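Peer 1: Structure: run-v5.cif, mmCIF, C-alpha atoms.
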```
data_input
#
loop_
_atom_site.label_atom_id
_atom_site.label_comp_id
_atom_site.auth_asym_id
_atom_site.auth_seq_id
_atom_site.Cartn_x
_atom_site.Cartn_y
_atom_site.Cartn_z
CA MET A 1 -100.63 -55.21 -51.62
CA SER A 2 -102.92 -52.19 -51.56
CA ARG A 3 -102.39 -48.44 -51.87
CA ARG A 4 -104.64 -45.60 -50.71
CA LEU A 5 -105.08 -42.16 -52.16
CA ARG A 6 -106.96 -40.05 -49.63
CA LEU A 7 -107.77 -36.38 -49.89
CA ILE A 8 -106.45 -34.47 -46.91
CA GLU A 9 -108.91 -31.61 -47.37
CA ALA A 10 -111.99 -33.09 -48.95
CA ASP A 11 -114.37 -30.62 -50.54
CA ALA A 12 -117.15 -31.70 -48.20
CA PRO A 13 -120.14 -29.40 -48.30
CA ALA A 14 -121.20 -27.45 -45.26
CA GLU A 15 -122.85 -29.46 -42.51
CA THR A 16 -126.48 -30.19 -43.29
CA GLY A 17 -127.05 -32.15 -40.11
CA GLU A 18 -127.33 -35.41 -42.05
CA LYS A 19 -124.62 -38.02 -41.82
CA PRO A 20 -123.19 -38.77 -45.27
CA LEU A 21 -123.50 -42.28 -46.65
CA ARG A 22 -120.10 -43.78 -47.52
CA VAL A 23 -120.25 -45.64 -50.85
CA ALA A 24 -117.59 -47.84 -52.50
CA ILE A 25 -117.62 -48.48 -56.25
CA ALA A 26 -115.67 -51.31 -57.92
CA THR A 27 -113.75 -49.79 -60.81
CA ASN A 28 -110.75 -50.39 -63.01
CA ASN A 29 -110.52 -46.84 -64.40
CA MET A 30 -111.92 -44.48 -61.67
CA GLU A 31 -114.62 -43.30 -64.10
CA HIS A 32 -116.98 -46.27 -64.33
CA LEU A 33 -118.52 -48.97 -62.19
CA ASN A 34 -116.99 -51.68 -64.36
CA ALA A 35 -115.52 -54.46 -62.21
CA HIS A 36 -116.44 -57.53 -60.27
CA PHE A 37 -115.61 -57.31 -56.56
CA GLY A 38 -112.73 -59.79 -56.62
CA SER A 39 -111.18 -58.52 -59.85
CA ALA A 40 -111.53 -54.79 -59.11
CA ARG A 41 -108.15 -53.11 -59.25
CA LYS A 42 -109.59 -50.07 -57.48
CA PHE A 43 -112.47 -48.92 -55.31
CA ALA A 44 -113.60 -45.31 -55.59
CA ILE A 45 -115.03 -44.20 -52.24
CA TYR A 46 -117.45 -41.30 -51.96
CA ASP A 47 -119.53 -39.67 -49.25
CA VAL A 48 -123.07 -39.01 -50.45
CA THR A 49 -125.88 -36.87 -49.04
CA PRO A 50 -129.24 -36.05 -50.65
CA GLU A 51 -127.75 -32.81 -52.03
CA SER A 52 -124.15 -33.68 -52.88
CA ALA A 53 -121.46 -36.30 -53.32
CA TRP A 54 -117.71 -35.94 -52.92
CA PHE A 55 -114.68 -38.12 -53.46
CA VAL A 56 -113.06 -39.36 -50.25
CA GLU A 57 -110.40 -41.83 -51.37
CA ALA A 58 -109.34 -44.51 -53.81
CA VAL A 59 -107.97 -47.87 -52.76
CA ALA A 60 -105.89 -49.75 -55.34
CA PHE A 61 -104.89 -53.42 -55.33
CA ASP A 62 -102.05 -55.17 -57.17
CA ASP A 63 -103.26 -58.69 -56.37
CA VAL A 64 -106.73 -59.36 -57.78
CA THR A 65 -108.71 -62.38 -58.93
CA GLY A 66 -109.75 -62.99 -62.52
CA GLN A 67 -113.30 -62.08 -63.51
CA SER A 68 -113.97 -65.78 -64.09
CA GLY A 69 -115.24 -66.13 -60.53
CA LYS A 70 -112.56 -68.71 -59.65
CA HIS A 71 -110.56 -67.92 -56.52
CA ASP A 72 -107.29 -69.27 -55.24
CA ASP A 73 -107.97 -70.86 -51.85
CA ILE A 74 -104.35 -70.49 -50.78
CA ASP A 75 -103.87 -66.78 -51.53
CA ASP A 76 -106.74 -64.82 -49.92
CA LYS A 77 -107.31 -61.77 -52.11
CA ILE A 78 -110.76 -60.97 -50.72
CA THR A 79 -110.10 -60.25 -47.02
CA PRO A 80 -107.74 -57.30 -47.73
CA LYS A 81 -110.44 -55.73 -49.92
CA VAL A 82 -113.09 -56.13 -47.24
CA GLU A 83 -110.71 -54.63 -44.65
CA ALA A 84 -110.01 -51.66 -46.95
CA LEU A 85 -113.73 -50.93 -47.32
CA LYS A 86 -114.58 -50.83 -43.61
CA GLY A 87 -116.68 -47.79 -42.87
CA CYS A 88 -118.54 -47.99 -46.18
CA ALA A 89 -122.28 -48.62 -46.05
CA LEU A 90 -122.78 -49.65 -49.68
CA LEU A 91 -120.62 -51.46 -52.22
CA PHE A 92 -121.51 -51.36 -55.91
CA ALA A 93 -119.99 -54.03 -58.16
CA LEU A 94 -120.87 -55.84 -61.39
CA ALA A 95 -120.75 -59.15 -59.54
CA ILE A 96 -119.78 -60.59 -56.17
CA GLY A 97 -119.60 -64.25 -55.25
CA GLY A 98 -121.38 -65.79 -52.27
CA PRO A 99 -118.34 -66.17 -49.97
CA SER A 100 -117.17 -62.63 -50.78
CA ALA A 101 -120.66 -61.21 -50.24
CA ALA A 102 -120.83 -62.96 -46.86
CA LYS A 103 -117.55 -61.34 -45.79
CA VAL A 104 -118.73 -57.94 -47.01
CA VAL A 105 -122.06 -58.21 -45.17
CA LYS A 106 -120.29 -59.40 -42.00
CA ALA A 107 -118.22 -56.19 -42.18
CA GLY A 108 -121.45 -54.15 -42.18
CA ILE A 109 -121.36 -53.29 -45.89
CA HIS A 110 -124.40 -53.87 -48.12
CA PRO A 111 -123.33 -55.19 -51.57
CA ILE A 112 -125.33 -54.09 -54.61
CA LYS A 113 -124.81 -55.91 -57.91
CA ARG A 114 -125.35 -54.12 -61.21
CA LYS A 115 -125.88 -55.90 -64.52
CA ASP A 116 -124.07 -53.44 -66.76
CA PRO A 117 -121.23 -50.94 -66.44
CA GLU A 118 -122.22 -47.33 -65.80
CA THR A 119 -120.45 -44.12 -64.92
CA ILE A 120 -119.60 -43.45 -61.29
CA GLN A 121 -121.52 -40.18 -61.61
CA GLU A 122 -124.67 -42.09 -62.60
CA VAL A 123 -124.31 -44.39 -59.58
CA LEU A 124 -123.87 -41.41 -57.23
CA GLU A 125 -126.93 -39.67 -58.70
CA GLN A 126 -129.00 -42.84 -58.17
CA VAL A 127 -127.88 -43.00 -54.54
CA GLN A 128 -128.93 -39.36 -54.11
CA VAL A 129 -132.37 -40.10 -55.59
CA MET A 130 -132.75 -42.96 -53.10
CA LEU A 131 -131.67 -40.72 -50.21
CA ASN A 132 -134.17 -38.06 -51.27
CA GLY A 133 -136.96 -40.64 -51.32
CA THR A 134 -137.64 -43.27 -48.69
CA PRO A 135 -134.47 -45.32 -48.16
CA PRO A 136 -134.81 -48.91 -46.98
CA PRO A 137 -134.85 -49.45 -43.19
CA PHE A 138 -131.19 -50.54 -42.95
CA LEU A 139 -130.10 -47.28 -44.61
CA ARG A 140 -132.36 -45.15 -42.41
CA LYS A 141 -130.66 -46.73 -39.41
CA ILE A 142 -127.17 -46.03 -40.80
CA LEU A 143 -128.16 -42.44 -41.60
CA GLY A 144 -129.73 -41.92 -38.18
CA ARG A 145 -133.13 -41.15 -39.71
CA PRO A 146 -136.26 -42.09 -37.79
CA ALA A 147 -138.46 -44.88 -39.09
CA THR A 148 -141.42 -43.70 -41.09
CA PRO A 149 -144.68 -43.72 -39.11
CA ALA A 150 -147.04 -46.59 -39.74
CA SER A 151 -149.54 -45.69 -42.43
CA PHE A 152 -152.37 -47.65 -40.80
CA MET A 153 -152.60 -44.98 -38.10
CA ASP A 154 -153.45 -42.37 -40.74
CA ASP A 155 -156.12 -44.65 -42.24
CA GLU A 156 -157.65 -45.28 -38.85
CA GLU A 157 -157.97 -41.56 -38.14
CA GLU A 158 -159.73 -40.99 -41.45
CA LEU A 159 -162.34 -43.64 -40.62
CA VAL A 160 -163.42 -41.89 -37.40
#
```
What is this file in structure tokens?

Peer 2:
Amino acid sequence: MSRRLRLIEADAPAETGEKPLRVAIATNNMEHLNAHFGSARKFAIYDVTPESAWFVEAVAFDDVTGQSGKHDDIDDKITPKVEALKGCALLFALAIGGPSAAKVVKAGIHPIKRKDPETIQEVLEQVQVMLNGTPPPFLRKILGRPATPASFMDDEEELV
């Protein structure tokens, strides 16, 4: 069973013309990225732009796996989590197993594993740094940003 807490009037900043990136963070306390995907009791979901980040919703689960990595084949606890995260572009977790990662990727969500716990604020700031730099091609596509021009064209012009 899952529960959602969604803000009716999110404090979204004024339109900047850029589509926000929806990010899910596996957490057990709503303050830190501190859970494996399967054992996460909650996912904090934020919209992130290069200038700001704001809370969108939290999804909580009563039925989770242990952090041992062992899953019960009879009681599927992963599919409801993947369904709850639809619309997210990135998922941050301390760990995610192969079958779970495959389901997440199939849903269009890019999983990112972190070695150590960190605050949600730190994760959001790192996403903003990436958005202010040159995001990878899959993120540029999600954000609706054009591909960067090929650098060899610039080199060729300098040689002439």

Peer 1: List the residues matched by the PyMOL selection byres ((chain A and resi 85) around 9) in the displayed structure as a PyMOL selection string, ordered by chain and then by residue number.

Peer 2: chain A and resi 24+43+45+59+80-84+86-89+91+104+107+109

Peer 1: Could you tell me which of A:Glu51, A:Asp116, A:Glu18, A:Glu31 comes closest to A:Asn132 if we count only C-alpha atoms?

Peer 2: A:Glu51

Peer 1: So the first atom is atom CA of A:Asn29 and the second is atom CA of A:Glu125; what is the distance between them in Å, to one decimal place?

Peer 2: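 Result for atom CA of A:Asn29 versus atom CA of A:Glu125: 18.8 Å, one decimal.
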
Peer 1: Given all atoms listed in the file as the basis, pick out the residue of A:Leu21, A:Ala44, A:Leu143, A:Leu33 nearest to A:Thr119.

Peer 2: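 Checking each of A:Leu21, A:Ala44, A:Leu143, A:Leu33 against A:Thr119, counting all atoms listed in the file, the winner is A:Leu33.
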
Peer 1: Could you check which residues have any atom within 12 Å of (-133.1, -45.6, -45.5), counting all atoms listed in the file with coordinates taken straight from the file, and then list them as a list in words?

Peer 2: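 The residues near that point, listed by chain and number, are Lys19, Leu21, Thr49, Pro50, Ala89, Leu90, Val127, Gln128, Val129, Met130, Leu131, Asn132, Gly133, Thr134, Pro135, Pro136, Pro137, Phe138, Leu139, Arg140, Lys141, Ile142, Leu143, Gly144, Arg145, Pro146, Ala147 and Thr148 of chain A.
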